[in-house]
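A.B. asks: Got a file for you: work_36.txt, compact mmCIF, C-alpha atoms.
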# COMPACT_ATOMS: atom_id res chain seq x y z
CA MET A 1 31.17 50.24 118.46
CA ASP A 2 32.08 51.32 114.91
CA GLY A 3 30.56 54.76 115.55
CA LEU A 4 32.62 55.21 118.71
CA MET A 5 35.86 54.18 116.95
CA ARG A 6 35.14 56.54 114.07
CA TYR A 7 34.44 59.40 116.50
CA ALA A 8 37.69 58.69 118.40
CA ALA A 9 39.67 58.68 115.13
CA ILE A 10 38.15 62.02 114.06
CA VAL A 11 38.89 63.60 117.45
CA ALA A 12 42.49 62.32 117.38
CA ALA A 13 43.05 63.63 113.84
CA THR A 14 41.56 67.01 114.73
CA LEU A 15 43.78 67.35 117.80
CA ALA A 16 46.88 66.39 115.82
CA LEU A 17 46.13 68.98 113.12
CA ALA A 18 45.40 71.66 115.72
CA ALA A 19 48.73 70.97 117.43
CA CYS A 20 50.59 71.32 114.14
CA ALA A 21 48.80 74.55 113.27
CA ASN A 22 49.57 76.07 116.67
CA GLN A 23 53.22 75.07 116.56
CA PHE A 24 53.98 76.33 113.03
CA GLY A 25 51.24 78.74 111.95
CA ALA A 26 51.30 80.27 108.48
CA ASP A 27 52.73 83.57 109.74
CA GLU A 28 54.74 82.20 112.62
CA SER A 29 57.98 80.36 113.07
CA PRO A 30 59.23 78.72 116.24
CA LEU A 31 61.33 81.06 118.37
CA ASP A 32 64.04 80.14 120.80
CA PRO A 33 62.52 80.67 124.26
CA GLN A 34 65.68 82.59 125.27
CA VAL A 35 65.06 85.23 122.59
CA ASN A 36 64.00 88.68 123.77
CA THR A 37 61.18 89.82 121.47
CA ALA A 38 60.35 93.08 123.28
CA MET A 39 63.47 95.23 122.94
CA THR A 40 63.11 98.99 123.11
CA ALA A 41 64.72 101.33 120.58
CA ASP A 42 67.29 102.37 123.21
CA GLU A 43 68.17 98.74 123.99
CA ILE A 44 68.68 97.92 120.30
CA ARG A 45 70.81 101.06 119.83
CA ALA A 46 72.99 100.10 122.81
CA ILE A 47 73.41 96.54 121.51
CA PHE A 48 74.46 97.52 117.95
CA SER A 49 76.27 100.83 118.52
CA GLY A 50 80.02 100.51 117.93
CA LYS A 51 79.74 96.82 117.00
CA ASN A 52 80.47 94.77 113.90
CA GLY A 53 77.72 92.45 112.75
CA ARG A 54 78.51 89.38 110.63
CA TRP A 55 75.32 88.47 108.82
CA LYS A 56 73.78 86.02 106.39
CA SER A 57 70.41 86.52 104.71
CA SER A 58 68.21 83.48 104.20
CA ALA A 59 66.14 85.46 101.65
CA THR A 60 69.01 86.50 99.34
CA ASN A 61 71.73 84.03 100.32
CA LEU A 62 74.10 87.01 100.67
CA SER A 63 76.44 87.45 103.61
CA GLY A 64 78.80 90.09 104.87
CA LEU A 65 79.86 92.43 107.64
CA THR A 66 78.24 95.66 108.80
CA VAL A 67 80.01 98.15 111.06
CA TYR A 68 77.47 100.10 113.14
CA ALA A 69 78.99 103.45 114.21
CA ALA A 70 77.63 105.22 117.28
CA ASP A 71 76.70 108.27 115.13
CA GLY A 72 74.15 106.26 113.13
CA THR A 73 76.31 105.63 110.07
CA SER A 74 77.35 102.22 108.82
CA LEU A 75 79.84 100.58 106.52
CA VAL A 76 78.61 97.44 104.79
CA GLU A 77 80.72 94.81 103.06
CA VAL A 78 78.75 92.27 101.02
CA ALA A 79 80.81 89.14 100.34
CA GLY A 80 81.76 88.90 96.66
CA LYS A 81 79.93 92.14 95.79
CA GLY A 82 81.68 95.12 97.36
CA THR A 83 81.09 97.79 99.98
CA THR A 84 78.66 100.61 100.56
CA THR A 85 77.84 103.07 103.31
CA GLY A 86 74.57 103.55 105.07
CA THR A 87 72.68 104.92 108.01
CA TRP A 88 70.91 103.14 110.81
CA THR A 89 68.46 103.94 113.57
CA THR A 90 66.09 102.03 115.80
CA LYS A 91 62.43 101.84 116.73
CA ASP A 92 60.93 99.69 119.45
CA GLY A 93 61.39 96.11 118.26
CA GLN A 94 63.01 97.18 114.96
CA LEU A 95 66.38 97.93 113.39
CA CYS A 96 66.14 100.44 110.53
CA GLU A 97 68.77 100.76 107.79
CA SER A 98 69.35 102.57 104.49
CA PHE A 99 72.18 102.04 102.01
CA ALA A 100 73.94 104.37 99.56
CA PRO A 101 74.21 103.44 95.88
CA ALA A 102 77.10 101.12 95.00
CA ALA A 103 78.14 99.11 91.96
CA PHE A 104 76.12 96.13 93.21
CA LEU A 105 73.26 98.34 94.45
CA PRO A 106 72.86 101.08 91.78
CA LYS A 107 69.82 102.77 93.33
CA GLY A 108 70.78 102.23 96.96
CA GLU A 109 68.09 101.30 99.46
CA PRO A 110 65.78 103.72 101.30
CA MET A 111 65.36 103.47 105.06
CA ARG A 112 63.57 100.24 105.93
CA CYS A 113 62.73 98.95 109.39
CA GLN A 114 62.69 95.25 110.16
CA PRO A 115 61.78 93.30 113.29
CA ILE A 116 64.65 92.21 115.50
CA THR A 117 64.84 89.35 117.96
CA GLY A 118 67.72 87.76 119.78
CA SER A 119 70.00 87.96 122.77
CA GLY A 120 73.68 87.93 123.70
CA ASN A 121 75.54 88.30 120.41
CA GLN A 122 73.02 86.42 118.21
CA TYR A 123 70.20 88.37 116.53
CA ARG A 124 67.75 88.00 113.68
CA VAL A 125 66.85 91.13 111.73
CA GLY A 126 64.22 90.48 109.06
CA SER A 127 65.59 87.48 107.15
CA ALA A 128 69.22 87.94 108.25
CA ASN A 129 71.01 86.23 111.12
CA PHE A 130 73.62 88.41 112.85
CA THR A 131 76.54 87.59 115.11
CA LEU A 132 77.86 90.70 116.82
CA GLU A 133 81.58 91.11 117.46
Could you write out this structure as structure tokens?

C.D. replies:
Amino acid sequence: MDGLMRYAAIVAATLALAACANQFGADESPLDPQVNTAMTADEIRAIFSGKNGRWKSSATNLSGLTVYAADGTSLVEVAGKGTTTGTWTTKDGQLCESFAPAAFLPKGEPMRCQPITGSGNQYRVGSANFTLE
């Protein structure tokens, strides 16, 4: 009987650990089931073009507002830091942005593409959460 109880405890522990690993893997985070993770470049462009995006970065703790012009230029205001200009484009599943030098960003930022997920007016781009207006 002790062997059977021990076996049952090991199986239960293994199943519990496997469930945790599948739910929150090292490179994964839980996604809202309503989030569209397969947007094309054209869909992303249509969503952001001509819109203002209020954002907050979980990586830098910065926040601000980006204006995405239809011609691929942008104006970025970083709360408490200042403003800069930039350019933006899209790839399938990614929003790509570059930023001009500014007092708070002396070297600017080269074009960098980051994964985008979301729907409606709520999106996540890299480590930033956006609400489009």

A.B. asks: Please report, as a tab-separated table, each residue of region 40-71 of chain A lying at most 10 Å from region 114-133 of chain A, together with the nearest pair of atoms and the separation in Å rounded to one decimal; use all atoms listed in the file, and order rows by chain and ascending residue number.

C.D. replies:
residue	atom	partner	partner_atom	distance
A:Ile44	CA	A:Ile116	CA	8.5
A:Ile47	CA	A:Asn121	CA	8.6
A:Phe48	CA	A:Leu132	CA	7.7
A:Gly50	CA	A:Glu133	CA	9.5
A:Lys51	CA	A:Glu133	CA	6.0
A:Asn52	CA	A:Glu133	CA	5.2
A:Gly53	CA	A:Leu132	CA	4.4
A:Arg54	CA	A:Thr131	CA	5.2
A:Trp55	CA	A:Phe130	CA	4.4
A:Lys56	CA	A:Ala128	CA	5.3
A:Ser57	CA	A:Ala128	CA	4.0
A:Ser58	CA	A:Ser127	CA	5.6
A:Ala59	CA	A:Ser127	CA	5.9
A:Thr60	CA	A:Ser127	CA	8.6
A:Asn61	CA	A:Ala128	CA	9.2
A:Leu62	CA	A:Ala128	CA	9.1
A:Ser63	CA	A:Ala128	CA	8.6
A:Gly64	CA	A:Phe130	CA	9.7
A:Leu65	CA	A:Phe130	CA	9.1
A:Thr66	CA	A:Leu132	CA	9.4
A:Val67	CA	A:Glu133	CA	9.6

A.B. asks: Rank nothing, just name the residue among A:Arg112, A:Tyr68, A:Gly82, A:Ala38 nearest to Cys96 (chain A), using all atoms listed in the file.

C.D. replies: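 For Cys96 (chain A), the nearest of the given residues is A:Arg112.
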
A.B. asks: Can you work out the spacing between CA of Glu43 (chain A) and CA of Ala79 (chain A) in Å, to one decimal?

C.D. replies: 28.5 Å

A.B. asks: Would you mind reading off the distance between CA of Glu77 (chain A) and CA of Pro110 (chain A), one decimal, in Å?

C.D. replies: 17.5 Å

A.B. asks: I'd like to know which of A:Gly86, A:Gly80, A:Arg45, A:Asp92 is closest to Glu109 (chain A), using only C-alpha atoms.

C.D. replies: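 Going through A:Gly86, A:Gly80, A:Arg45, A:Asp92 one by one, the smallest distance to Glu109 (chain A) is for A:Gly86.
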
A.B. asks: Take CA of Thr89 (chain A) and CA of Pro106 (chain A) and report the distance between them in Å, one decimal.

C.D. replies: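 Rounded to one decimal, the two atoms are 22.4 Å apart.
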
A.B. asks: Identify which of the residues A:Ser98, A:Thr90, A:Thr84, A:Thr73 lies closest to Ala41 (chain A), counting all atoms listed in the file when measuring atom-to-atom distances.

C.D. replies: A:Thr90

A.B. asks: Could you tell me which of A:Thr87, A:Thr40, A:Glu97, A:Lys107 comes closest to Asp71 (chain A) if we count all atoms listed in the file?

C.D. replies: A:Thr87

A.B. asks: So which one's closest to Lys81 (chain A), A:Met111, A:Leu95, A:Ala46, A:Ala103? Using only C-alpha atoms, please.

C.D. replies: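 Using only C-alpha atoms, the shortest distance to Lys81 (chain A) belongs to A:Ala103.
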
A.B. asks: Box for region 92-111 of chain A - axis-aligned, 5 Å on each of the six sides, all listed atoms - centre and size in Å to one decimal, as lines of an AutoDock Vina configuration file.

C.D. replies:
center_x = 69.5
center_y = 100.2
center_z = 105.6
size_x = 27.2
size_y = 18.3
size_z = 37.7

A.B. asks: Considering only C-alpha atoms, can you say which of A:Met39, A:Val76, A:Leu105, A:Ala69 comes closest to Lys91 (chain A)?

C.D. replies: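 With only C-alpha atoms as the atom set, the closest residue is A:Met39.
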
A.B. asks: Reconstruct N, CA and C atoms of region 95-124 of chain A from the incomplete input and present them as a PDB file, in the frame of the given file.

C.D. replies:
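File written: selection_0.pdb
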ATOM      1  N   LEU A  95      65.143  97.302 113.845  1.00  0.00           N
ATOM      2  CA  LEU A  95      66.380  97.930 113.390  1.00  0.00           C
ATOM      3  C   LEU A  95      66.090  98.495 112.007  1.00  0.00           C
ATOM      4  N   CYS A  96      66.424  99.764 111.792  1.00  0.00           N
ATOM      5  CA  CYS A  96      66.140 100.440 110.530  1.00  0.00           C
ATOM      6  C   CYS A  96      67.458 100.787 109.849  1.00  0.00           C
ATOM      7  N   GLU A  97      67.546 100.505 108.534  1.00  0.00           N
ATOM      8  CA  GLU A  97      68.770 100.760 107.790  1.00  0.00           C
ATOM      9  C   GLU A  97      68.465 101.293 106.404  1.00  0.00           C
ATOM     10  N   SER A  98      69.378 102.139 105.890  1.00  0.00           N
ATOM     11  CA  SER A  98      69.350 102.570 104.490  1.00  0.00           C
ATOM     12  C   SER A  98      70.769 102.415 103.956  1.00  0.00           C
ATOM     13  N   PHE A  99      70.879 102.275 102.622  1.00  0.00           N
ATOM     14  CA  PHE A  99      72.180 102.040 102.010  1.00  0.00           C
ATOM     15  C   PHE A  99      72.377 102.953 100.812  1.00  0.00           C
ATOM     16  N   ALA A 100      73.589 103.499 100.683  1.00  0.00           N
ATOM     17  CA  ALA A 100      73.940 104.370  99.560  1.00  0.00           C
ATOM     18  C   ALA A 100      74.114 103.540  98.297  1.00  0.00           C
ATOM     19  N   PRO A 101      73.958 104.162  97.131  1.00  0.00           N
ATOM     20  CA  PRO A 101      74.210 103.440  95.880  1.00  0.00           C
ATOM     21  C   PRO A 101      75.638 102.901  95.832  1.00  0.00           C
ATOM     22  N   ALA A 102      75.797 101.763  95.195  1.00  0.00           N
ATOM     23  CA  ALA A 102      77.100 101.120  95.000  1.00  0.00           C
ATOM     24  C   ALA A 102      77.004 100.335  93.691  1.00  0.00           C
ATOM     25  N   ALA A 103      78.127  99.850  93.217  1.00  0.00           N
ATOM     26  CA  ALA A 103      78.140  99.110  91.960  1.00  0.00           C
ATOM     27  C   ALA A 103      77.142  97.947  91.982  1.00  0.00           C
ATOM     28  N   PHE A 104      77.028  97.273  93.101  1.00  0.00           N
ATOM     29  CA  PHE A 104      76.120  96.130  93.210  1.00  0.00           C
ATOM     30  C   PHE A 104      74.719  96.539  93.668  1.00  0.00           C
ATOM     31  N   LEU A 105      74.537  97.822  93.962  1.00  0.00           N
ATOM     32  CA  LEU A 105      73.260  98.340  94.450  1.00  0.00           C
ATOM     33  C   LEU A 105      73.048  99.734  93.828  1.00  0.00           C
ATOM     34  N   PRO A 106      72.835  99.802  92.515  1.00  0.00           N
ATOM     35  CA  PRO A 106      72.860 101.080  91.780  1.00  0.00           C
ATOM     36  C   PRO A 106      71.918 102.152  92.313  1.00  0.00           C
ATOM     37  N   LYS A 107      70.771 101.774  92.846  1.00  0.00           N
ATOM     38  CA  LYS A 107      69.820 102.770  93.330  1.00  0.00           C
ATOM     39  C   LYS A 107      69.882 102.949  94.847  1.00  0.00           C
ATOM     40  N   GLY A 108      70.755 102.188  95.505  1.00  0.00           N
ATOM     41  CA  GLY A 108      70.780 102.230  96.960  1.00  0.00           C
ATOM     42  C   GLY A 108      69.510 101.615  97.521  1.00  0.00           C
ATOM     43  N   GLU A 109      69.298 101.800  98.794  1.00  0.00           N
ATOM     44  CA  GLU A 109      68.090 101.300  99.460  1.00  0.00           C
ATOM     45  C   GLU A 109      67.602 102.373 100.421  1.00  0.00           C
ATOM     46  N   PRO A 110      66.325 102.751 100.340  1.00  0.00           N
ATOM     47  CA  PRO A 110      65.780 103.720 101.300  1.00  0.00           C
ATOM     48  C   PRO A 110      65.679 103.097 102.687  1.00  0.00           C
ATOM     49  N   MET A 111      65.498 103.942 103.683  1.00  0.00           N
ATOM     50  CA  MET A 111      65.360 103.470 105.060  1.00  0.00           C
ATOM     51  C   MET A 111      64.225 102.454 105.157  1.00  0.00           C
ATOM     52  N   ARG A 112      64.556 101.300 105.732  1.00  0.00           N
ATOM     53  CA  ARG A 112      63.570 100.240 105.930  1.00  0.00           C
ATOM     54  C   ARG A 112      63.771  99.664 107.314  1.00  0.00           C
ATOM     55  N   CYS A 113      62.688  99.505 108.043  1.00  0.00           N
ATOM     56  CA  CYS A 113      62.730  98.950 109.390  1.00  0.00           C
ATOM     57  C   CYS A 113      62.277  97.500 109.363  1.00  0.00           C
ATOM     58  N   GLN A 114      63.010  96.671 110.112  1.00  0.00           N
ATOM     59  CA  GLN A 114      62.690  95.250 110.160  1.00  0.00           C
ATOM     60  C   GLN A 114      62.684  94.777 111.607  1.00  0.00           C
ATOM     61  N   PRO A 115      61.842  93.808 111.919  1.00  0.00           N
ATOM     62  CA  PRO A 115      61.780  93.300 113.290  1.00  0.00           C
ATOM     63  C   PRO A 115      63.105  92.646 113.696  1.00  0.00           C
ATOM     64  N   ILE A 116      63.425  92.804 114.960  1.00  0.00           N
ATOM     65  CA  ILE A 116      64.650  92.210 115.500  1.00  0.00           C
ATOM     66  C   ILE A 116      64.311  91.372 116.720  1.00  0.00           C
ATOM     67  N   THR A 117      64.937  90.211 116.792  1.00  0.00           N
ATOM     68  CA  THR A 117      64.840  89.350 117.960  1.00  0.00           C
ATOM     69  C   THR A 117      66.232  88.821 118.251  1.00  0.00           C
ATOM     70  N   GLY A 118      66.443  88.367 119.451  1.00  0.00           N
ATOM     71  CA  GLY A 118      67.720  87.760 119.780  1.00  0.00           C
ATOM     72  C   GLY A 118      68.179  88.119 121.171  1.00  0.00           C
ATOM     73  N   SER A 119      69.390  87.677 121.475  1.00  0.00           N
ATOM     74  CA  SER A 119      70.000  87.960 122.770  1.00  0.00           C
ATOM     75  C   SER A 119      71.489  87.664 122.677  1.00  0.00           C
ATOM     76  N   GLY A 120      72.230  88.153 123.675  1.00  0.00           N
ATOM     77  CA  GLY A 120      73.680  87.930 123.700  1.00  0.00           C
ATOM     78  C   GLY A 120      74.324  88.570 122.483  1.00  0.00           C
ATOM     79  N   ASN A 121      74.964  87.756 121.640  1.00  0.00           N
ATOM     80  CA  ASN A 121      75.540  88.300 120.410  1.00  0.00           C
ATOM     81  C   ASN A 121      74.882  87.711 119.163  1.00  0.00           C
ATOM     82  N   GLN A 122      73.737  87.038 119.324  1.00  0.00           N
ATOM     83  CA  GLN A 122      73.020  86.420 118.210  1.00  0.00           C
ATOM     84  C   GLN A 122      71.665  87.103 118.020  1.00  0.00           C
ATOM     85  N   TYR A 123      71.447  87.654 116.812  1.00  0.00           N
ATOM     86  CA  TYR A 123      70.200  88.370 116.530  1.00  0.00           C
ATOM     87  C   TYR A 123      69.673  88.000 115.156  1.00  0.00           C
ATOM     88  N   ARG A 124      68.379  88.163 114.987  1.00  0.00           N
ATOM     89  CA  ARG A 124      67.750  88.000 113.680  1.00  0.00           C
ATOM     90  C   ARG A 124      67.062  89.325 113.361  1.00  0.00           C
TER      91      ARG A 124
END
